[in-house]
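**Q** Structure: query.txt, compact mmCIF, C-alpha atoms.
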# COMPACT_ATOMS: atom_id res chain seq x y z
CA MET P 1 26.29 0.45 31.75
CA ALA P 2 29.68 0.69 33.46
CA GLN P 3 28.03 0.78 36.88
CA ARG P 4 25.99 -2.30 36.11
CA ILE P 5 29.05 -4.17 34.85
CA MET P 6 31.24 -3.35 37.81
CA SER P 7 28.53 -4.04 40.38
CA LYS P 8 28.75 -7.64 39.21
CA LEU P 9 32.28 -7.46 39.51
CA MET P 10 38.92 -8.32 48.07
CA VAL P 11 59.31 -19.50 64.30
CA PRO P 12 60.22 -21.23 60.98
CA VAL P 13 57.94 -23.88 59.62
CA MET P 14 59.00 -26.70 57.34
CA ALA P 15 56.66 -29.05 55.57
CA LEU P 16 57.66 -31.88 53.32
CA LEU P 17 55.05 -33.94 51.48
CA LEU P 18 56.18 -37.20 49.93
CA ALA P 19 53.94 -38.87 47.39
CA ALA P 20 54.86 -42.02 45.58
CA CYS P 21 52.90 -43.39 42.66
CA GLY P 22 52.24 -47.09 42.61
CA GLN P 23 54.44 -49.17 40.38
CA ALA P 24 52.82 -50.91 37.47
CA ASP P 25 53.67 -54.52 36.61
CA GLY P 26 56.12 -53.13 34.06
CA GLY P 27 58.29 -51.86 36.94
CA ALA P 28 57.84 -48.06 36.66
CA ASP P 29 59.96 -46.14 39.16
CA ALA P 30 58.18 -44.52 42.09
CA LYS P 31 57.92 -40.75 41.82
CA GLU P 32 58.37 -38.30 44.66
CA THR P 33 57.01 -34.78 44.89
CA ALA P 34 57.73 -32.27 47.61
CA ALA P 35 55.74 -29.32 48.86
CA PRO P 36 57.57 -25.98 49.05
CA VAL P 37 59.71 -25.47 52.11
CA VAL P 38 58.28 -22.45 53.93
CA THR P 39 60.53 -20.69 56.42
CA GLY P 40 60.84 -17.43 58.31
CA GLU P 41 58.59 -15.41 60.55
CA PRO P 42 54.94 -15.41 59.45
CA VAL P 43 53.86 -12.38 57.42
CA THR P 44 50.24 -11.28 57.00
CA VAL P 45 49.28 -9.33 53.89
CA LEU P 46 45.91 -7.57 53.64
CA ALA P 47 44.57 -7.39 50.07
CA PHE P 48 42.20 -4.41 50.18
CA GLY P 49 40.39 -3.76 46.93
CA ASP P 50 37.42 -4.36 44.65
CA SER P 51 36.25 -7.26 42.47
CA LEU P 52 39.74 -7.75 41.02
CA PHE P 53 40.76 -8.90 44.49
CA ALA P 54 37.40 -10.36 45.55
CA GLY P 55 37.42 -12.83 42.66
CA TYR P 56 34.17 -12.08 40.86
CA LYS P 57 32.47 -15.32 39.72
CA LEU P 58 35.48 -17.37 40.80
CA ALA P 59 35.95 -19.79 43.66
CA ARG P 60 37.60 -18.19 46.66
CA SER P 61 40.65 -20.36 45.99
CA GLU P 62 40.93 -18.88 42.48
CA SER P 63 40.96 -15.24 43.59
CA TYR P 64 44.04 -13.08 43.19
CA PRO P 65 44.85 -13.01 46.93
CA ALA P 66 44.56 -16.80 47.21
CA LYS P 67 46.76 -17.45 44.19
CA LEU P 68 49.23 -14.77 45.25
CA GLU P 69 49.58 -16.47 48.63
CA ARG P 70 50.30 -19.81 46.97
CA ALA P 71 52.86 -18.21 44.64
CA LEU P 72 54.64 -16.54 47.55
CA ARG P 73 54.66 -19.71 49.63
CA ALA P 74 56.01 -21.62 46.63
CA ARG P 75 59.03 -19.33 46.97
CA GLY P 76 59.44 -20.35 50.58
CA LEU P 77 57.89 -17.21 52.07
CA ASN P 78 55.72 -17.75 55.14
CA VAL P 79 52.92 -15.48 53.92
CA THR P 80 49.18 -15.41 54.55
CA VAL P 81 47.17 -13.12 52.27
CA ARG P 82 43.80 -12.01 53.66
CA ASN P 83 41.20 -11.21 51.02
CA ALA P 84 39.43 -7.91 51.81
CA GLY P 85 38.16 -7.32 48.29
CA VAL P 86 34.55 -6.24 47.75
CA SER P 87 33.06 -6.31 44.26
CA GLY P 88 31.80 -2.94 43.10
CA ASP P 89 33.78 -0.89 45.59
CA THR P 90 34.76 2.62 44.58
CA THR P 91 37.50 4.54 46.35
CA ALA P 92 34.80 6.19 48.47
CA ALA P 93 33.34 2.82 49.50
CA GLY P 94 36.81 1.53 50.31
CA LEU P 95 37.53 4.55 52.46
CA GLN P 96 34.23 4.10 54.27
CA ARG P 97 34.98 0.50 55.30
CA LEU P 98 38.73 0.74 55.86
CA ASP P 99 38.69 1.34 59.61
CA PHE P 100 36.13 -1.42 60.15
CA VAL P 101 38.25 -3.92 58.23
CA LEU P 102 41.44 -3.01 60.11
CA ASP P 103 39.73 -2.97 63.51
CA SER P 104 38.17 -6.40 62.88
CA LEU P 105 41.56 -8.06 62.50
CA SER P 106 42.98 -9.82 65.55
CA THR P 107 46.44 -8.47 64.71
CA PRO P 108 47.50 -5.69 62.32
CA PRO P 109 48.73 -6.82 58.89
CA ASP P 110 52.41 -6.55 58.06
CA LEU P 111 51.67 -5.19 54.59
CA VAL P 112 48.58 -3.74 52.87
CA LEU P 113 47.90 -4.02 49.14
CA VAL P 114 45.57 -1.22 48.03
CA GLU P 115 43.73 -1.83 44.74
CA LEU P 116 40.91 0.65 44.10
CA GLY P 117 39.84 3.13 41.45
CA ALA P 118 38.70 0.98 38.53
CA ASN P 119 35.04 1.44 39.46
CA ASP P 120 35.46 5.20 39.81
CA MET P 121 36.95 5.30 36.31
CA LEU P 122 34.36 3.05 34.67
CA ARG P 123 31.52 5.02 36.25
CA GLY P 124 33.03 8.27 35.10
CA LEU P 125 33.37 9.56 38.66
CA SER P 126 35.61 12.50 39.42
CA ALA P 127 39.30 11.69 39.18
CA GLY P 128 39.89 14.39 41.76
CA ASP P 129 37.57 12.66 44.23
CA ALA P 130 39.26 9.32 43.57
CA ARG P 131 42.63 10.93 44.28
CA ALA P 132 41.35 12.47 47.52
CA ASN P 133 39.82 9.19 48.70
CA LEU P 134 42.97 7.17 47.97
CA ASP P 135 45.07 9.87 49.60
CA THR P 136 42.98 9.58 52.77
CA ILE P 137 43.13 5.78 52.69
CA MET P 138 46.91 5.86 52.51
CA THR P 139 47.12 8.55 55.19
CA LYS P 140 45.05 6.35 57.50
CA LEU P 141 47.28 3.36 56.81
CA ASN P 142 50.39 5.45 57.40
CA GLY P 143 48.87 6.60 60.67
CA ARG P 144 48.73 2.98 61.77
CA ASP P 145 52.34 2.42 60.65
CA LEU P 146 51.25 -0.09 58.00
CA PRO P 147 53.45 -0.46 54.90
CA VAL P 148 51.48 -0.03 51.67
CA MET P 149 51.80 -1.17 48.08
CA LEU P 150 49.53 0.78 45.74
CA TYR P 151 48.17 -1.01 42.66
CA GLU P 152 48.18 1.18 39.59
CA MET P 153 45.03 1.63 37.53
CA LYS P 154 44.70 3.34 34.17
CA ALA P 155 41.78 5.07 32.50
CA ALA P 156 40.10 3.61 29.43
CA PRO P 157 41.13 5.53 26.29
CA ASN P 158 37.52 6.33 25.39
CA LEU P 159 37.24 8.60 28.44
CA GLY P 160 39.39 11.19 26.75
CA GLY P 161 42.88 12.54 27.21
CA GLU P 162 42.05 15.10 29.88
CA TYR P 163 40.33 12.62 32.18
CA GLY P 164 42.91 9.93 31.40
CA GLY P 165 45.81 12.19 32.25
CA GLU P 166 44.26 13.26 35.54
CA PHE P 167 43.26 9.74 36.53
CA ASN P 168 46.50 8.02 35.49
CA SER P 169 48.58 10.50 37.48
CA ILE P 170 46.84 9.54 40.72
CA TYR P 171 48.84 6.41 41.41
CA PRO P 172 52.47 7.44 40.86
CA THR P 173 51.79 10.76 42.60
CA LEU P 174 50.29 9.15 45.71
CA ALA P 175 52.88 6.38 45.82
CA ASP P 176 55.58 9.04 45.85
CA LYS P 177 53.76 11.20 48.40
CA HIS P 178 53.26 8.34 50.86
CA ASP P 179 56.56 6.57 50.19
CA ALA P 180 54.66 3.50 49.00
CA GLU P 181 55.72 1.08 46.31
CA LEU P 182 53.71 1.29 43.10
CA VAL P 183 52.63 -2.03 41.60
CA PRO P 184 52.46 -1.58 37.81
CA PHE P 185 49.10 -1.97 36.03
CA PHE P 186 48.41 -5.56 37.01
CA ILE P 187 45.50 -6.25 34.67
CA GLU P 188 47.59 -5.43 31.61
CA PRO P 189 47.80 -9.14 30.59
CA LEU P 190 44.00 -9.15 30.22
CA ILE P 191 44.11 -6.29 27.75
CA PHE P 192 46.46 -8.07 25.38
CA ASP P 193 44.88 -11.53 25.68
CA ARG P 194 41.11 -11.42 25.80
CA SER P 195 40.89 -15.18 26.32
CA LEU P 196 41.88 -14.37 29.93
CA VAL P 197 38.65 -12.40 30.44
CA GLN P 198 35.21 -13.68 31.42
CA SER P 199 32.23 -13.29 29.09
CA ASP P 200 31.38 -9.93 30.71
CA GLN P 201 34.57 -8.61 29.05
CA VAL P 202 35.69 -7.10 32.36
CA HIS P 203 36.71 -9.67 34.93
CA PRO P 204 39.56 -12.19 34.74
CA THR P 205 39.10 -15.91 34.39
CA ALA P 206 41.09 -18.19 36.68
CA GLU P 207 43.79 -18.22 33.99
CA GLY P 208 43.62 -14.44 33.89
CA VAL P 209 44.27 -14.34 37.62
CA ASP P 210 47.30 -16.56 37.06
CA ALA P 211 48.64 -13.98 34.60
CA MET P 212 48.00 -11.16 37.07
CA VAL P 213 49.85 -13.03 39.80
CA GLU P 214 52.75 -13.79 37.48
CA LYS P 215 53.02 -10.10 36.62
CA THR P 216 53.14 -8.97 40.26
CA VAL P 217 54.58 -11.75 42.42
CA ASP P 218 58.20 -10.61 42.00
CA ASP P 219 57.38 -7.15 43.35
CA ILE P 220 55.35 -8.50 46.26
CA ALA P 221 57.94 -11.12 47.17
CA GLU P 222 60.70 -8.51 47.18
CA ARG P 223 58.67 -6.24 49.44
CA VAL P 224 57.81 -9.08 51.84
CA GLU P 225 61.48 -9.96 52.13
CA GLU P 226 62.21 -6.38 53.14
CA LEU P 227 59.76 -6.43 56.08
For this file, write the structure as structure tokens.
**A**
Amino acid sequence: MAQRIMSKLMVPVMALLLAACGQADGGADAKETAAPVVTGEPVTVLAFGDSLFAGYKLARSESYPAKLERALRARGLNVTVRNAGVSGDTTAAGLQRLDFVLDSLSTPPDLVLVELGANDMLRGLSAGDARANLDTIMTKLNGRDLPVMLYEMKAAPNLGGEYGGEFNSIYPTLADKHDAELVPFFIEPLIFDRSLVQSDQVHPTAEGVDAMVEKTVDDIAERVEEL
């Protein structure tokens, strides 16, 4: 069942936009809105993950990478987020395609967001294998001198304490080993507000993605500013 569910489940610039609404006969004042002022050297972020990045059953513009990019640019950061999410990907599938994704880019990304493991957990795959695959992914990224932020995942309680403990320890351990920043469990808002989840009870709605972005944008923005 879990496999079936998840398979359904990746030079300063300034712009000012002035928009004035027409005045009614009653003499309403014209209103002016401005687009965010984006400055600084351009930064490319690669969002490498599964359906939580790919935007399962959402428009591309509603995916987490797309909304994260808009949130970062709203803060004035000159960031482009490339969506390399593939629905259904396990850590093994991510490892298999990593080199191809990186080699297909015209220029290396300035930062890589790694979000994998949920499918391994939901399919009951070995936590040890998931750890090894993520370890290799991060080793490969380190070998290319690419900064990494690792997105934390947590095991469902019904998988038992032994599996949960082994799986949950993967992310802080690997973040520490590879000197990567750990992004706290970013789908937590979906757990506490089920209205943010699609009818499959797994994937976020567009509003759910908004909540995920809100939870993480501070961490990402801070890391971008450090580049």
**Q** Counting only C-alpha atoms, which residues in stretch 133-164 of chain P sit no more than 12 Å from stretch 115-127 of chain P? For each one, give the nearest pair of atoms and the distance in Å, sorted by chain then residue number, as JSON lines.
**A**
{"residue": "P:Asn133", "atom": "CA", "partner": "P:Gly117", "partner_atom": "CA", "distance": 9.4}
{"residue": "P:Leu134", "atom": "CA", "partner": "P:Leu116", "partner_atom": "CA", "distance": 7.9}
{"residue": "P:Asp135", "atom": "CA", "partner": "P:Leu116", "partner_atom": "CA", "distance": 11.5}
{"residue": "P:Ile137", "atom": "CA", "partner": "P:Leu116", "partner_atom": "CA", "distance": 10.2}
{"residue": "P:Met138", "atom": "CA", "partner": "P:Glu115", "partner_atom": "CA", "distance": 11.4}
{"residue": "P:Val148", "atom": "CA", "partner": "P:Glu115", "partner_atom": "CA", "distance": 10.6}
{"residue": "P:Met149", "atom": "CA", "partner": "P:Glu115", "partner_atom": "CA", "distance": 8.8}
{"residue": "P:Leu150", "atom": "CA", "partner": "P:Glu115", "partner_atom": "CA", "distance": 6.4}
{"residue": "P:Tyr151", "atom": "CA", "partner": "P:Glu115", "partner_atom": "CA", "distance": 5.0}
{"residue": "P:Glu152", "atom": "CA", "partner": "P:Glu115", "partner_atom": "CA", "distance": 7.4}
{"residue": "P:Met153", "atom": "CA", "partner": "P:Ala118", "partner_atom": "CA", "distance": 6.4}
{"residue": "P:Lys154", "atom": "CA", "partner": "P:Ala118", "partner_atom": "CA", "distance": 7.8}
{"residue": "P:Ala155", "atom": "CA", "partner": "P:Met121", "partner_atom": "CA", "distance": 6.2}
{"residue": "P:Ala156", "atom": "CA", "partner": "P:Met121", "partner_atom": "CA", "distance": 7.8}
{"residue": "P:Pro157", "atom": "CA", "partner": "P:Met121", "partner_atom": "CA", "distance": 10.9}
{"residue": "P:Asn158", "atom": "CA", "partner": "P:Leu122", "partner_atom": "CA", "distance": 10.3}
{"residue": "P:Leu159", "atom": "CA", "partner": "P:Gly124", "partner_atom": "CA", "distance": 7.9}
{"residue": "P:Gly160", "atom": "CA", "partner": "P:Gly124", "partner_atom": "CA", "distance": 10.9}
{"residue": "P:Glu162", "atom": "CA", "partner": "P:Ala127", "partner_atom": "CA", "distance": 10.3}
{"residue": "P:Tyr163", "atom": "CA", "partner": "P:Ala127", "partner_atom": "CA", "distance": 7.1}
{"residue": "P:Gly164", "atom": "CA", "partner": "P:Ala127", "partner_atom": "CA", "distance": 8.8}
**Q** Go through stretch 156-220 of chain P and flag each residue having an atom no more than 10 Å from stretch 50-53 of chain P; for those, report the closest pair of atoms plus their distance in Å to one decimal, using all atoms listed in the file, ordered by chain and rising number, as JSON lines.
**A**
{"residue": "P:Phe186", "atom": "CA", "partner": "P:Leu52", "partner_atom": "CA", "distance": 9.8}
{"residue": "P:Ile187", "atom": "CA", "partner": "P:Leu52", "partner_atom": "CA", "distance": 8.7}
{"residue": "P:Val202", "atom": "CA", "partner": "P:Leu52", "partner_atom": "CA", "distance": 9.6}
{"residue": "P:His203", "atom": "CA", "partner": "P:Leu52", "partner_atom": "CA", "distance": 7.1}
{"residue": "P:Pro204", "atom": "CA", "partner": "P:Leu52", "partner_atom": "CA", "distance": 7.7}
{"residue": "P:Val209", "atom": "CA", "partner": "P:Leu52", "partner_atom": "CA", "distance": 8.7}
{"residue": "P:Met212", "atom": "CA", "partner": "P:Leu52", "partner_atom": "CA", "distance": 9.8}
**Q** P:Leu113, P:Leu58, P:Val224, P:Ala66: which is nearest P:Gln198, counting all atoms listed in the file?
**A**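 Going through P:Leu113, P:Leu58, P:Val224, P:Ala66 one by one, the smallest distance to P:Gln198 is for P:Leu58.
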**Q** Would you pick out the contacts of stretch 93-104 of chain P at 12 Å or less, using all atoms listed in the file, so that residues sharing its chain but fewer than 3 positions from it are not included, and give the list as a ChimeraX atom specification?
**A** /P:10,45-51,82-90,107-112,114-120,129-141,143-144,146
**Q** Up to 12 Å from (57.0, -10.5, 44.5) in the file's coordinates: name the residues, counting only C-alpha atoms, as a PDB file with C-alpha atoms, in the frame of the given file.
**A**
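Below you can see selection06.pdb, which holds the result:
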ATOM      1  CA  LEU P  68      49.230 -14.770  45.250  1.00  0.00           C
ATOM      2  CA  GLU P  69      49.580 -16.470  48.630  1.00  0.00           C
ATOM      3  CA  ARG P  70      50.300 -19.810  46.970  1.00  0.00           C
ATOM      4  CA  ALA P  71      52.860 -18.210  44.640  1.00  0.00           C
ATOM      5  CA  LEU P  72      54.640 -16.540  47.550  1.00  0.00           C
ATOM      6  CA  ARG P  73      54.660 -19.710  49.630  1.00  0.00           C
ATOM      7  CA  ALA P  74      56.010 -21.620  46.630  1.00  0.00           C
ATOM      8  CA  ARG P  75      59.030 -19.330  46.970  1.00  0.00           C
ATOM      9  CA  GLY P  76      59.440 -20.350  50.580  1.00  0.00           C
ATOM     10  CA  LEU P  77      57.890 -17.210  52.070  1.00  0.00           C
ATOM     11  CA  VAL P  79      52.920 -15.480  53.920  1.00  0.00           C
ATOM     12  CA  MET P 149      51.800  -1.170  48.080  1.00  0.00           C
ATOM     13  CA  GLU P 181      55.720   1.080  46.310  1.00  0.00           C
ATOM     14  CA  VAL P 183      52.630  -2.030  41.600  1.00  0.00           C
ATOM     15  CA  MET P 212      48.000 -11.160  37.070  1.00  0.00           C
ATOM     16  CA  VAL P 213      49.850 -13.030  39.800  1.00  0.00           C
ATOM     17  CA  GLU P 214      52.750 -13.790  37.480  1.00  0.00           C
ATOM     18  CA  LYS P 215      53.020 -10.100  36.620  1.00  0.00           C
ATOM     19  CA  THR P 216      53.140  -8.970  40.260  1.00  0.00           C
ATOM     20  CA  VAL P 217      54.580 -11.750  42.420  1.00  0.00           C
ATOM     21  CA  ASP P 218      58.200 -10.610  42.000  1.00  0.00           C
ATOM     22  CA  ASP P 219      57.380  -7.150  43.350  1.00  0.00           C
ATOM     23  CA  ILE P 220      55.350  -8.500  46.260  1.00  0.00           C
ATOM     24  CA  ALA P 221      57.940 -11.120  47.170  1.00  0.00           C
ATOM     25  CA  GLU P 222      60.700  -8.510  47.180  1.00  0.00           C
ATOM     26  CA  ARG P 223      58.670  -6.240  49.440  1.00  0.00           C
ATOM     27  CA  VAL P 224      57.810  -9.080  51.840  1.00  0.00           C
ATOM     28  CA  GLU P 225      61.480  -9.960  52.130  1.00  0.00           C
ATOM     29  CA  GLU P 226      62.210  -6.380  53.140  1.00  0.00           C
TER      30      GLU P 226
END
**Q** Provide the atom CA of P:Leu190 to atom CA of P:Thr205 distance in Å, to one decimal place.
**A**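 That distance, rounded to one decimal, is 9.3 Å.
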**Q** Mind pulling up the distance from atom CA of P:Asp193 to atom CA of P:Ala206?
**A**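 Interatomic distance, atom CA of P:Ala206 to atom CA of P:Asp193: 13.4 Å.
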**Q** I'd like the interatomic distance between atom CA of P:Leu105 and atom CA of P:Val38, to a tenth of an Å.
**A**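 For atom CA of P:Leu105 relative to atom CA of P:Val38, the distance reads 23.7 Å.
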**Q** Pick out the closest residue to P:Glu41 from this set: P:Ala211, P:Ser106, P:Thr80, P:Ala59. Count all atoms listed in the file.
**A** P:Thr80
**Q** Between P:Pro42, P:Ser63, P:Ala92, P:Ala35, which one has atoms that come closest to P:Gly208, using only C-alpha atoms?
**A**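 Looking at the shortest contact to P:Gly208, the residue is P:Ser63.
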**Q** Can I get stretch 56-71 of chain P with N, CA, C and O atoms filled in, as a compact mmCIF listing (two decimals), in the coordinates of the input?
**A**
# COMPACT_ATOMS: atom_id res chain seq x y z
N TYR P 56 35.53 -12.04 41.40
CA TYR P 56 34.17 -12.08 40.86
C TYR P 56 33.93 -13.34 40.03
O TYR P 56 34.67 -13.64 39.11
N LYS P 57 32.89 -14.08 40.40
CA LYS P 57 32.47 -15.32 39.72
C LYS P 57 33.54 -16.40 39.72
O LYS P 57 33.52 -17.29 38.87
N LEU P 58 34.46 -16.34 40.66
CA LEU P 58 35.48 -17.37 40.80
C LEU P 58 35.37 -17.99 42.19
O LEU P 58 34.87 -17.35 43.12
N ALA P 59 35.85 -19.20 42.33
CA ALA P 59 35.95 -19.79 43.66
C ALA P 59 36.92 -18.97 44.49
O ALA P 59 37.84 -18.34 43.95
N ARG P 60 36.72 -18.97 45.78
CA ARG P 60 37.60 -18.19 46.66
C ARG P 60 39.06 -18.59 46.45
O ARG P 60 39.96 -17.74 46.46
N SER P 61 39.28 -19.86 46.20
CA SER P 61 40.65 -20.36 45.99
C SER P 61 41.26 -19.90 44.68
O SER P 61 42.46 -20.03 44.47
N GLU P 62 40.44 -19.35 43.78
CA GLU P 62 40.93 -18.88 42.48
C GLU P 62 41.11 -17.37 42.45
O GLU P 62 41.51 -16.81 41.42
N SER P 63 40.83 -16.70 43.55
CA SER P 63 40.96 -15.24 43.59
C SER P 63 42.43 -14.84 43.56
O SER P 63 43.32 -15.63 43.84
N TYR P 64 42.66 -13.59 43.23
CA TYR P 64 44.04 -13.08 43.19
C TYR P 64 44.74 -13.23 44.53
O TYR P 64 45.89 -13.73 44.58
N PRO P 65 44.14 -12.84 45.66
CA PRO P 65 44.85 -13.01 46.93
C PRO P 65 45.21 -14.46 47.24
O PRO P 65 46.31 -14.74 47.73
N ALA P 66 44.30 -15.39 46.94
CA ALA P 66 44.56 -16.80 47.21
C ALA P 66 45.72 -17.32 46.36
O ALA P 66 46.61 -18.03 46.85
N LYS P 67 45.70 -16.98 45.08
CA LYS P 67 46.76 -17.45 44.19
C LYS P 67 48.08 -16.74 44.46
O LYS P 67 49.16 -17.32 44.31
N LEU P 68 48.02 -15.48 44.87
CA LEU P 68 49.23 -14.77 45.25
C LEU P 68 49.86 -15.42 46.46
O LEU P 68 51.09 -15.61 46.52
N GLU P 69 49.05 -15.78 47.43
CA GLU P 69 49.58 -16.47 48.63
C GLU P 69 50.29 -17.76 48.24
O GLU P 69 51.40 -18.02 48.71
N ARG P 70 49.68 -18.55 47.37
CA ARG P 70 50.30 -19.81 46.97
C ARG P 70 51.61 -19.56 46.23
O ARG P 70 52.59 -20.29 46.41
N ALA P 71 51.64 -18.52 45.39
CA ALA P 71 52.86 -18.21 44.64
C ALA P 71 53.98 -17.76 45.58
O ALA P 71 55.15 -18.11 45.38
